[in-house]
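Raw contents of coords19.pdb, PDB, C-alpha atoms and all ligand atoms:
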```pdb
ATOM      1  CA  MET A   1     -68.624  78.684 263.433
ATOM      2  CA  SER A   2     -67.757  82.260 264.460
ATOM      3  CA  LEU A   3     -69.166  85.276 262.685
ATOM      4  CA  ARG A   4     -66.171  87.328 261.556
ATOM      5  CA  ILE A   5     -66.705  91.069 261.311
ATOM      6  CA  ALA A   6     -64.201  93.714 260.244
ATOM      7  CA  LEU A   7     -65.109  96.844 262.218
ATOM      8  CA  VAL A   8     -63.786  99.914 260.424
ATOM      9  CA  SER A   9     -64.425 103.545 261.272
ATOM     10  CA  ASP A  10     -63.414 107.109 260.503
ATOM     11  CA  LEU A  11     -62.162 106.445 256.987
ATOM     12  CA  HIS A  12     -62.509 110.138 256.034
ATOM     13  CA  LEU A  13     -62.497 109.374 252.321
ATOM     14  CA  THR A  14     -62.830 111.775 249.420
ATOM     15  CA  ARG A  15     -62.368 111.572 245.653
ATOM     16  CA  ARG A  16     -60.191 114.681 245.894
ATOM     17  CA  PRO A  17     -56.441 114.110 246.360
ATOM     18  CA  SER A  18     -56.122 112.847 249.918
ATOM     19  CA  LEU A  19     -53.391 111.654 252.238
ATOM     20  CA  PHE A  20     -55.938 109.370 253.909
ATOM     21  CA  GLN A  21     -56.292 107.174 250.837
ATOM     22  CA  TYR A  22     -52.903 105.568 251.463
ATOM     23  CA  ASN A  23     -53.759 103.669 254.646
ATOM     24  CA  TRP A  24     -57.190 102.865 253.240
ATOM     25  CA  GLU A  25     -55.500 100.959 250.400
ATOM     26  CA  ILE A  26     -53.770  98.831 253.045
ATOM     27  CA  VAL A  27     -57.060  98.246 254.873
ATOM     28  CA  VAL A  28     -58.684  97.138 251.600
ATOM     29  CA  ASP A  29     -55.905  94.598 251.039
ATOM     30  CA  MET A  30     -56.045  93.337 254.639
ATOM     31  CA  ILE A  31     -59.822  92.908 254.669
ATOM     32  CA  ARG A  32     -59.842  91.195 251.280
ATOM     33  CA  GLU A  33     -57.222  88.779 252.559
ATOM     34  CA  TRP A  34     -59.004  88.097 255.860
ATOM     35  CA  SER A  35     -62.301  87.744 253.954
ATOM     36  CA  PRO A  36     -64.699  88.339 256.878
ATOM     37  CA  ASP A  37     -68.411  87.555 256.757
ATOM     38  CA  LEU A  38     -69.332  91.198 257.181
ATOM     39  CA  VAL A  39     -67.876  94.696 257.443
ATOM     40  CA  VAL A  40     -69.427  97.257 259.785
ATOM     41  CA  CYS A  41     -68.406 100.885 259.241
ATOM     42  CA  ALA A  42     -69.010 103.011 262.350
ATOM     43  CA  GLY A  43     -69.230 106.400 260.618
ATOM     44  CA  ASP A  44     -67.093 109.289 259.370
ATOM     45  CA  ILE A  45     -66.833 107.523 256.033
ATOM     46  CA  ALA A  46     -66.416 110.910 254.324
ATOM     47  CA  VAL A  47     -64.014 113.785 254.824
ATOM     48  CA  ASP A  48     -66.825 116.289 254.494
ATOM     49  CA  GLY A  49     -70.226 114.867 253.588
ATOM     50  CA  PRO A  50     -72.280 117.933 254.573
ATOM     51  CA  ARG A  51     -70.303 120.313 252.328
ATOM     52  CA  ASN A  52     -69.208 117.903 249.621
ATOM     53  CA  PRO A  53     -71.830 115.177 249.124
ATOM     54  CA  ASP A  54     -69.636 113.450 246.536
ATOM     55  CA  ASP A  55     -67.437 112.320 249.471
ATOM     56  CA  LEU A  56     -70.360 110.077 250.494
ATOM     57  CA  ILE A  57     -70.682 108.614 247.000
ATOM     58  CA  TYR A  58     -66.948 108.014 246.874
ATOM     59  CA  GLY A  59     -67.017 106.406 250.346
ATOM     60  CA  LYS A  60     -69.738 104.019 249.182
ATOM     61  CA  GLU A  61     -67.667 103.138 246.100
ATOM     62  CA  GLN A  62     -64.615 102.461 248.251
ATOM     63  CA  LEU A  63     -66.527 100.235 250.697
ATOM     64  CA  GLY A  64     -67.732  98.326 247.626
ATOM     65  CA  ARG A  65     -64.116  97.331 246.909
ATOM     66  CA  LEU A  66     -64.036  95.136 250.021
ATOM     67  CA  GLY A  67     -65.932  92.355 248.237
ATOM     68  CA  VAL A  68     -68.132  91.616 251.251
ATOM     69  CA  ASP A  69     -71.426  92.908 252.693
ATOM     70  CA  VAL A  70     -71.004  96.283 254.392
ATOM     71  CA  LEU A  71     -73.353  97.830 256.947
ATOM     72  CA  SER A  72     -72.687 101.457 257.787
ATOM     73  CA  ILE A  73     -73.938 104.136 260.128
ATOM     74  CA  PRO A  74     -73.339 107.885 259.833
ATOM     75  CA  GLY A  75     -70.848 110.039 261.724
ATOM     76  CA  ASN A  76     -70.485 113.784 262.136
ATOM     77  CA  HIS A  77     -68.382 114.060 258.971
ATOM     78  CA  ASP A  78     -71.106 112.311 256.969
ATOM     79  CA  VAL A  79     -74.254 114.134 258.096
ATOM     80  CA  GLY A  80     -73.106 116.901 260.484
ATOM     81  CA  ASP A  81     -73.474 117.227 264.245
ATOM     82  CA  ALA A  82     -75.787 119.133 266.554
ATOM     83  CA  PHE A  83     -73.153 119.660 269.253
ATOM     84  CA  LEU A  84     -69.680 119.989 267.714
ATOM     85  CA  GLY A  85     -70.211 123.292 265.952
ATOM     86  CA  HIS A  86     -68.821 122.434 262.511
ATOM     87  CA  ASP A  87     -71.872 121.590 260.365
ATOM     88  CA  PRO A  88     -75.329 121.048 261.859
ATOM     89  CA  VAL A  89     -77.036 117.708 261.360
ATOM     90  CA  GLU A  90     -80.162 118.278 259.290
ATOM     91  CA  GLU A  91     -82.924 116.269 257.653
ATOM     92  CA  ALA A  92     -81.372 117.142 254.280
ATOM     93  CA  THR A  93     -77.886 115.833 255.143
ATOM     94  CA  MET A  94     -79.343 112.634 256.594
ATOM     95  CA  GLU A  95     -81.495 112.143 253.520
ATOM     96  CA  ARG A  96     -78.408 112.474 251.313
ATOM     97  CA  TYR A  97     -76.691 109.826 253.438
ATOM     98  CA  ARG A  98     -79.689 107.474 253.147
ATOM     99  CA  LEU A  99     -79.811 107.920 249.368
ATOM    100  CA  VAL A 100     -76.214 106.674 249.139
ATOM    101  CA  PHE A 101     -75.944 104.106 251.940
ATOM    102  CA  GLY A 102     -79.531 103.048 252.666
ATOM    103  CA  PRO A 103     -81.097 103.172 256.154
ATOM    104  CA  ASP A 104     -79.137 105.174 258.731
ATOM    105  CA  HIS A 105     -80.139 102.713 261.467
ATOM    106  CA  TRP A 106     -80.776  99.001 261.084
ATOM    107  CA  VAL A 107     -81.272  95.620 262.721
ATOM    108  CA  VAL A 108     -79.867  92.434 261.158
ATOM    109  CA  GLU A 109     -79.436  88.858 262.337
ATOM    110  CA  ARG A 110     -76.175  87.142 261.480
ATOM    111  CA  GLY A 111     -74.455  84.085 262.926
ATOM    112  CA  GLY A 112     -76.967  83.762 265.760
ATOM    113  CA  TRP A 113     -76.429  87.396 266.813
ATOM    114  CA  ILE A 114     -78.691  90.414 266.499
ATOM    115  CA  LEU A 115     -76.719  93.428 265.282
ATOM    116  CA  VAL A 116     -78.173  96.906 265.709
ATOM    117  CA  GLY A 117     -76.779 100.014 264.020
ATOM    118  CA  LEU A 118     -77.778 103.391 265.461
ATOM    119  CA  ASN A 119     -77.612 106.832 263.884
ATOM    120  CA  ALA A 120     -75.724 108.467 266.773
ATOM    121  CA  GLN A 121     -75.939 111.866 265.063
ATOM    122  CA  LEU A 122     -79.695 111.800 265.590
ATOM    123  CA  ILE A 123     -79.493 111.196 269.338
ATOM    124  CA  GLY A 124     -80.367 114.279 271.385
ATOM    125  CA  THR A 125     -81.497 116.319 268.369
ATOM    126  CA  GLY A 126     -85.249 115.728 268.558
ATOM    127  CA  LEU A 127     -85.236 115.308 264.770
ATOM    128  CA  GLY A 128     -87.579 112.830 263.112
ATOM    129  CA  GLY A 129     -86.611 109.216 263.654
ATOM    130  CA  GLU A 130     -84.845 109.661 267.005
ATOM    131  CA  ALA A 131     -87.656 108.209 269.131
ATOM    132  CA  GLU A 132     -88.373 105.451 266.586
ATOM    133  CA  GLN A 133     -84.738 104.382 266.597
ATOM    134  CA  MET A 134     -84.704 103.983 270.392
ATOM    135  CA  ALA A 135     -88.062 102.197 270.361
ATOM    136  CA  ALA A 136     -86.709  99.776 267.757
ATOM    137  CA  LEU A 137     -83.724  98.963 269.984
ATOM    138  CA  GLU A 138     -86.010  98.479 272.964
ATOM    139  CA  ARG A 139     -88.108  96.013 270.935
ATOM    140  CA  VAL A 140     -85.026  94.127 269.776
ATOM    141  CA  ILE A 141     -83.794  93.717 273.345
ATOM    142  CA  ALA A 142     -87.224  92.666 274.615
ATOM    143  CA  ASN A 143     -87.669  90.077 271.848
ATOM    144  CA  ALA A 144     -84.098  88.773 271.600
ATOM    145  CA  ALA A 145     -85.170  85.436 273.152
ATOM    146  CA  GLY A 146     -81.686  84.583 274.328
ATOM    147  CA  LYS A 147     -79.886  85.660 271.153
ATOM    148  CA  PRO A 148     -76.869  87.876 271.887
ATOM    149  CA  VAL A 149     -77.242  91.533 270.863
ATOM    150  CA  ALA A 150     -74.491  93.952 269.779
ATOM    151  CA  VAL A 151     -75.003  97.666 269.076
ATOM    152  CA  PHE A 152     -72.992 100.041 266.880
ATOM    153  CA  GLY A 153     -73.031 103.864 266.935
ATOM    154  CA  HIS A 154     -70.516 106.559 265.945
ATOM    155  CA  LYS A 155     -70.105 108.061 269.431
ATOM    156  CA  THR A 156     -69.280 106.217 272.620
ATOM    157  CA  LEU A 157     -71.021 106.570 275.999
ATOM    158  CA  HIS A 158     -68.172 107.785 278.223
ATOM    159  CA  LEU A 159     -64.394 107.615 278.739
ATOM    160  CA  GLY A 160     -64.398 104.989 281.460
ATOM    161  CA  ASP A 161     -66.111 106.978 284.205
ATOM    162  CA  PRO A 162     -69.804 107.235 283.343
ATOM    163  CA  GLU A 163     -70.248 110.145 285.767
ATOM    164  CA  ALA A 164     -67.420 112.323 284.418
ATOM    165  CA  GLU A 165     -68.179 115.306 282.218
ATOM    166  CA  ILE A 166     -66.799 115.507 278.680
ATOM    167  CA  PRO A 167     -67.389 118.287 276.145
ATOM    168  CA  THR A 168     -70.726 117.787 274.435
ATOM    169  CA  GLY A 169     -70.456 116.220 271.030
ATOM    170  CA  TRP A 170     -67.626 113.853 271.842
ATOM    171  CA  THR A 171     -69.742 111.279 273.608
ATOM    172  CA  LEU A 172     -73.485 110.774 273.206
ATOM    173  CA  PRO A 173     -75.379 113.679 274.787
ATOM    174  CA  ARG A 174     -77.031 113.454 278.167
ATOM    175  CA  PRO A 175     -79.511 112.266 279.249
ATOM    176  CA  GLN A 176     -80.042 110.232 276.059
ATOM    177  CA  GLY A 177     -76.647 108.487 276.279
ATOM    178  CA  ASP A 178     -77.304 107.487 279.902
ATOM    179  CA  LEU A 179     -80.715 106.087 278.976
ATOM    180  CA  LEU A 180     -79.195 104.106 276.117
ATOM    181  CA  ARG A 181     -76.475 102.777 278.438
ATOM    182  CA  LYS A 182     -79.044 101.634 280.999
ATOM    183  CA  MET A 183     -81.205 100.044 278.319
ATOM    184  CA  MET A 184     -78.221  98.088 276.978
ATOM    185  CA  GLN A 185     -76.954  97.034 280.417
ATOM    186  CA  ASP A 186     -80.390  95.987 281.680
ATOM    187  CA  GLY A 187     -81.000  94.110 278.444
ATOM    188  CA  GLY A 188     -77.697  92.209 278.530
ATOM    189  CA  VAL A 189     -76.299  93.730 275.294
ATOM    190  CA  ARG A 190     -72.842  92.174 274.797
ATOM    191  CA  PHE A 191     -71.005  95.137 273.368
ATOM    192  CA  TYR A 192     -71.458  98.679 272.090
ATOM    193  CA  ALA A 193     -68.950  99.588 269.371
ATOM    194  CA  SER A 194     -68.174 103.149 268.301
ATOM    195  CA  GLY A 195     -65.653 105.250 266.364
ATOM    196  CA  HIS A 196     -65.154 109.047 266.464
ATOM    197  CA  PHE A 197     -62.152 109.157 268.832
ATOM    198  CA  HIS A 198     -59.672 107.633 266.363
ATOM    199  CA  ARG A 199     -58.434 105.437 269.196
ATOM    200  CA  TYR A 200     -58.671 101.729 269.953
ATOM    201  CA  ARG A 201     -59.917 101.018 273.433
ATOM    202  CA  GLU A 202     -61.995  98.485 275.347
ATOM    203  CA  ILE A 203     -63.845  99.324 278.544
ATOM    204  CA  ASP A 204     -65.814  96.876 280.657
ATOM    205  CA  ASP A 205     -68.856  98.825 281.855
ATOM    206  CA  ASN A 206     -70.725  96.523 284.251
ATOM    207  CA  GLY A 207     -70.878  93.660 281.783
ATOM    208  CA  LEU A 208     -71.393  95.889 278.720
ATOM    209  CA  ARG A 209     -68.153  96.009 276.723
ATOM    210  CA  LEU A 210     -67.454  99.366 275.086
ATOM    211  CA  LEU A 211     -65.303  98.957 271.991
ATOM    212  CA  TRP A 212     -63.652 101.946 270.346
ATOM    213  CA  ALA A 213     -62.667 101.414 266.726
ATOM    214  CA  PRO A 214     -59.549 103.290 265.596
ATOM    215  CA  SER A 215     -59.271 105.215 262.325
ATOM    216  CA  PRO A 216     -56.975 104.125 259.518
ATOM    217  CA  ALA A 217     -56.944 107.735 258.262
ATOM    218  CA  PHE A 218     -55.303 109.694 261.070
ATOM    219  CA  VAL A 219     -54.589 109.893 264.790
ATOM    220  CA  THR A 220     -54.839 112.896 267.109
ATOM    221  CA  ASN A 221     -52.212 113.218 269.790
ATOM    222  CA  HIS A 222     -53.003 116.680 271.116
ATOM    223  CA  PRO A 223     -52.920 116.462 274.961
ATOM    224  CA  SER A 224     -56.661 117.119 275.196
ATOM    225  CA  PHE A 225     -57.252 114.095 272.997
ATOM    226  CA  ALA A 226     -54.592 111.916 274.636
ATOM    227  CA  ALA A 227     -56.544 112.236 277.910
ATOM    228  CA  ARG A 228     -59.189 110.039 276.344
ATOM    229  CA  GLY A 229     -56.926 107.034 276.731
ATOM    230  CA  GLY A 230     -56.712 104.050 274.418
ATOM    231  CA  LEU A 231     -54.289 103.263 271.639
ATOM    232  CA  SER A 232     -53.695 106.133 269.231
ATOM    233  CA  LYS A 233     -52.715 104.207 266.126
ATOM    234  CA  ALA A 234     -54.023 103.687 262.591
ATOM    235  CA  GLY A 235     -55.922 100.446 262.089
ATOM    236  CA  PHE A 236     -59.247  98.686 262.408
ATOM    237  CA  VAL A 237     -60.771  95.883 264.515
ATOM    238  CA  CYS A 238     -61.312  92.196 263.785
ATOM    239  CA  LEU A 239     -64.263  90.718 265.687
ATOM    240  CA  GLU A 240     -65.215  87.063 266.041
ATOM    241  CA  LEU A 241     -68.663  86.431 267.461
ATOM    242  CA  ASP A 242     -69.846  83.006 268.637
ATOM    243  CA  PRO A 243     -73.514  82.045 268.819
ATOM    244  CA  ASP A 244     -73.243  81.502 272.594
ATOM    245  CA  GLY A 245     -72.682  85.264 273.007
ATOM    246  CA  THR A 246     -68.928  85.169 273.588
ATOM    247  CA  PHE A 247     -66.700  87.206 271.294
ATOM    248  CA  THR A 248     -63.123  88.292 270.752
ATOM    249  CA  SER A 249     -61.779  91.547 269.352
ATOM    250  CA  ARG A 250     -58.342  92.288 267.961
ATOM    251  CA  PHE A 251     -56.651  95.509 266.861
ATOM    252  CA  ALA A 252     -55.561  95.067 263.236
ATOM    253  CA  GLU A 253     -52.666  97.103 261.898
ATOM    254  CA  ASP A 254     -49.865  96.951 259.390
ATOM    255  CA  ASN A 255     -46.368  98.357 259.645
ATOM    256  CA  ALA A 256     -46.809  99.975 256.241
ATOM    257  CA  MET A 257     -49.508 102.294 257.569
ATOM    258  CA  ILE A 258     -48.554 105.950 258.017
ATOM    259  CA  GLN A 259     -49.198 107.256 261.519
ATOM    260  CA  PHE A 260     -50.454 110.647 260.475
ATOM    261  CA  ASP A 261     -51.153 112.961 263.419
ATOM    262  CA  ILE A 262     -53.787 115.493 262.315
ATOM    263  CA  GLN A 263     -52.434 117.767 265.003
ATOM    264  CA  ASN A 264     -49.547 118.495 262.638
ATOM    265  CA  ALA A 265     -51.994 119.973 260.159
ATOM    266  CA  ILE A 266     -54.069 122.071 262.529
ATOM    267  CA  THR A 267     -51.381 123.963 264.375
ATOM    268  CA  ASP A 268     -50.900 127.415 262.954
ATOM    269  CA  GLY A 269     -48.693 127.360 259.921
ATOM    270  CA  SER A 270     -47.774 129.406 256.899
ATOM    271  CA  LYS A 271     -50.257 130.194 254.144
ATOM    272  CA  SER A 272     -48.535 127.713 251.859
ATOM    273  CA  ARG A 273     -48.879 124.989 254.499
ATOM    274  CA  LYS A 274     -52.552 125.793 254.761
ATOM    275  CA  ARG A 275     -52.892 125.551 250.966
ATOM    276  CA  TRP A 276     -51.194 122.167 250.944
ATOM    277  CA  SER A 277     -53.320 120.890 253.803
ATOM    278  CA  GLU A 278     -56.364 121.810 251.708
ATOM    279  CA  LYS A 279     -54.908 120.186 248.594
ATOM    280  CA  LEU A 280     -54.255 116.965 250.494
ATOM    281  CA  SER A 281     -57.652 117.019 252.256
ATOM    282  CA  ILE A 282     -55.957 117.026 255.649
ATOM    283  CA  ASN A 283     -57.769 120.213 256.647
ATOM    284  CA  VAL A 284     -60.551 117.891 257.796
ATOM    285  CA  VAL A 285     -60.689 119.339 261.299
ATOM    286  CA  ARG A 286     -59.844 122.937 260.496
ATOM    287  CA  ARG A 287     -62.844 125.184 260.929
ATOM    288  CA  ASP A 288     -60.913 128.064 262.455
ATOM    289  CA  GLN A 289     -61.924 126.956 265.915
ATOM    290  CA  PRO A 290     -59.758 126.453 268.994
ATOM    291  CA  VAL A 291     -58.033 123.070 269.026
ATOM    292  CA  ALA A 292     -59.979 121.666 271.973
ATOM    293  CA  ALA A 293     -63.263 122.166 270.140
ATOM    294  CA  GLU A 294     -62.147 120.769 266.824
ATOM    295  CA  ALA A 295     -63.764 117.653 265.452
ATOM    296  CA  GLU A 296     -61.926 114.524 264.438
TER     297      GLU A 296
HETATM  298 FE    FE B   1     -63.450 110.836 262.571
HETATM  299 FE    FE B   2     -66.449 111.641 264.229
END
```

Would you put the structure from the file into structure tokens?
Amino acid sequence: MSLRIALVSDLHLTRRPSLFQYNWEIVVDMIREWSPDLVVCAGDIAVDGPRNPDDLIYGKEQLGRLGVDVLSIPGNHDVGDAFLGHDPVEEATMERYRLVFGPDHWVVERGGWILVGLNAQLIGTGLGGEAEQMAALERVIANAAGKPVAVFGHKTLHLGDPEAEIPTGWTLPRPQGDLLRKMMQDGGVRFYASGHFHRYREIDDNGLRLLWAPSPAFVTNHPSFAARGGLSKAGFVCLELDPDGTFTSRFAEDNAMIQFDIQNAITDGSKSRKRWSEKLSINVVRRDQPVAAEAE
């Protein structure tokens, strides 16, 4: 019997009026119909957790509508980020996340698999819990006793070429990301799933499969983002994991979903356009920074 997991990411939810709620309603219907064993949410649950903590509470309420166990990990829009320059990740923002969602990193056993969720926002910060989180993963790998292991974190490791440079904050920072990659490859981890790029992509990295979960909320088709590759489309991922360590993944979408390109909201516009983008919560990436540095 396969373990069926709906992998969702980058929901960017808020109780305020929001364009992103529309596709989320479709995701809720699709997941309820598929009725998986588990939902994993790979971060960016909120539009703006650091500045508007109620977005986290609302995100938790919305995940509760799925009618199935949900495990989540934080993203930059939930707790902030040490590298992207929008809101710094701090003990206080992480504590607010934990109060709403529970532990920000976890290990569970389901369907013969060991699933590990990492707080990617912690990695490279030196904040409390970073070393413990890595030590916990090391222990899991050492004691897996043949059970397949899968790891989840908001940010991926690289864009296909592990040596290539990418602006800090988009992938896990170096050298921590490289150490994590080596630990997972040496330990035979089956896949590492992430969000953050709002793109669906699979990369085979020397036996470690990198899975990018798309966002149902919005896509980003600016040329600097398109260079990241993958499918830029609203949706989520259906995973089926077998106890022998094999698994399948499938991009899940629906024709009713709106393909909203956030790029349309962040190019310079009139004051009234700016007001409407704020009213509709689509100013999620606008921090008056140059486009290339803006956060999804
Ligand atoms: Fe995001
Ligand atoms: Fe993100």

Might you pull out every residue within 10 Å of Gly245 of chain A, with only C-alpha atoms counted and same-chain residues fewer than 4 positions away left off, and present them as number ranges by chain? A: 112-113, 146-150, 189-190, 241

Near segment 227-238 of chain A, counting only C-alpha atoms, which residues have an atom at most 7 Å away, once you skip same-chain residues fewer than 6 positions from it, shown as a ChimeraX atom specification? /A:5-8,159,198-201,213-219,249-253,257,259

Please write the residues from the selection above to a file, keeping C-alpha atoms, as a PDB file, keeping the file's coordinate frame.
```pdb
ATOM      1  CA  ILE A   5     -66.705  91.069 261.311  1.00  0.00           C
ATOM      2  CA  ALA A   6     -64.201  93.714 260.244  1.00  0.00           C
ATOM      3  CA  LEU A   7     -65.109  96.844 262.218  1.00  0.00           C
ATOM      4  CA  VAL A   8     -63.786  99.914 260.424  1.00  0.00           C
ATOM      5  CA  LEU A 159     -64.394 107.615 278.739  1.00  0.00           C
ATOM      6  CA  HIS A 198     -59.672 107.633 266.363  1.00  0.00           C
ATOM      7  CA  ARG A 199     -58.434 105.437 269.196  1.00  0.00           C
ATOM      8  CA  TYR A 200     -58.671 101.729 269.953  1.00  0.00           C
ATOM      9  CA  ARG A 201     -59.917 101.018 273.433  1.00  0.00           C
ATOM     10  CA  ALA A 213     -62.667 101.414 266.726  1.00  0.00           C
ATOM     11  CA  PRO A 214     -59.549 103.290 265.596  1.00  0.00           C
ATOM     12  CA  SER A 215     -59.271 105.215 262.325  1.00  0.00           C
ATOM     13  CA  PRO A 216     -56.975 104.125 259.518  1.00  0.00           C
ATOM     14  CA  ALA A 217     -56.944 107.735 258.262  1.00  0.00           C
ATOM     15  CA  PHE A 218     -55.303 109.694 261.070  1.00  0.00           C
ATOM     16  CA  VAL A 219     -54.589 109.893 264.790  1.00  0.00           C
ATOM     17  CA  SER A 249     -61.779  91.547 269.352  1.00  0.00           C
ATOM     18  CA  ARG A 250     -58.342  92.288 267.961  1.00  0.00           C
ATOM     19  CA  PHE A 251     -56.651  95.509 266.861  1.00  0.00           C
ATOM     20  CA  ALA A 252     -55.561  95.067 263.236  1.00  0.00           C
ATOM     21  CA  GLU A 253     -52.666  97.103 261.898  1.00  0.00           C
ATOM     22  CA  MET A 257     -49.508 102.294 257.569  1.00  0.00           C
ATOM     23  CA  GLN A 259     -49.198 107.256 261.519  1.00  0.00           C
TER      24      GLN A 259
END
```

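Interatomic distance, atom CA of Glu132 of chain A against atom CA of Val47 of chain A: 28.3 Å.
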
Within 8 Å of ligand FE 1 (chain B) (counting all atoms listed in the file), which residues show up? I'd like them as a ChimeraX atom specification. /A:9-12,43-44,75-77,195-198,215,295-296

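Applied to the file shown here, the PyMOL selection byres (((chain A and resi 188) around 12) and not hetatm) selects Glu138, Val140, Ile141, Ala142, Ala144, Ala145, Gly146, Lys147, Pro148, Val149, Ala150, Val151, Arg181, Lys182, Met183, Met184, Gln185, Asp186, Gly187, Val189, Arg190, Phe191, Tyr192, Asp205, Asn206, Gly207, Leu208, Arg209 and Gly245 of chain A.
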
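Rounded to one decimal, atom CA of Asn143 of chain A and atom CA of Trp106 of chain A lie 15.6 Å from each other.
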
When distances are computed from only C-alpha atoms and all ligand atoms, which of A:Leu137, A:Leu84, A:Leu115, A:Ile166 shows the smallest separation from ligand FE 2 (chain B)?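 The answer is A:Leu84, which sits nearest to ligand FE 2 (chain B).
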
Distance cut-off 7 Å, centre (-64.2, 110.6, 250.4) in file coordinates, counting all atoms listed in the file: which residues qualify? Return them as a PDB file with C-alpha atoms, keeping the file's coordinate frame.
```pdb
ATOM      1  CA  HIS A  12     -62.509 110.138 256.034  1.00  0.00           C
ATOM      2  CA  LEU A  13     -62.497 109.374 252.321  1.00  0.00           C
ATOM      3  CA  THR A  14     -62.830 111.775 249.420  1.00  0.00           C
ATOM      4  CA  ARG A  15     -62.368 111.572 245.653  1.00  0.00           C
ATOM      5  CA  ILE A  45     -66.833 107.523 256.033  1.00  0.00           C
ATOM      6  CA  ALA A  46     -66.416 110.910 254.324  1.00  0.00           C
ATOM      7  CA  VAL A  47     -64.014 113.785 254.824  1.00  0.00           C
ATOM      8  CA  ASP A  55     -67.437 112.320 249.471  1.00  0.00           C
ATOM      9  CA  LEU A  56     -70.360 110.077 250.494  1.00  0.00           C
ATOM     10  CA  TYR A  58     -66.948 108.014 246.874  1.00  0.00           C
ATOM     11  CA  GLY A  59     -67.017 106.406 250.346  1.00  0.00           C
TER      12      GLY A  59
END
```

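Taking atom CA of Pro173 of chain A as the reference point, atom CA of Asp81 of chain A is found at 11.3 Å.
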
Using all atoms listed in the file, find the one residue out of A:Val39, A:Ile73, A:Ala164, A:Val116 that sits nearest to ligand FE 2 (chain B).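 Looking at the shortest contact to ligand FE 2 (chain B), the residue is A:Ile73.
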
To box segment 116-125 of chain A, take all atoms listed in the file, fit an axis-aligned box, add 3 Å on each side, and give centre and edge lengths in Å to one decimal, as lines of an AutoDock Vina configuration file.
```
center_x = -78.6
center_y = 106.6
center_z = 267.6
size_x = 11.8
size_y = 25.4
size_z = 13.5
```

Selection under test: the PyMOL selection byres (((chain A and resi 172) around 6) and not hetatm); residues as a ChimeraX atom specification: /A:155,157,171,173,177

Find the residue from A:Ser281, A:Ser272, A:Ser194, A:Thr248 that sits nearest to ligand FE 2 (chain B); use all atoms listed in the file when measuring. A:Ser194

May I have the residues within 8 Å of segment 86-99 of chain A as a list in words, using all atoms listed in the file and disregarding those fewer than 3 positions away in the same chain? Gly49, Pro50, Pro53, Leu56, Pro74, Asn76, Asp78, Val79, Gly80, Asp81, Ala82, Phe83, Gly102, Pro103, Asp104, Gln121, Leu122, Leu127, Gly128, Arg287 and Ala295 of chain A

Given only C-alpha atoms as the basis, pick out the residue of A:Gly160, A:Gln21, A:Ala193, A:Gln62 nearest to Val40 of chain A.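 For Val40 of chain A, the nearest of the candidates is A:Ala193.
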
Pick from A:Asp48, A:Asp204, A:Asp242, A:Glu25: nearest to ligand FE 2 (chain B), with all atoms listed in the file counted?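 Smallest separation from ligand FE 2 (chain B) among the options: A:Asp48.
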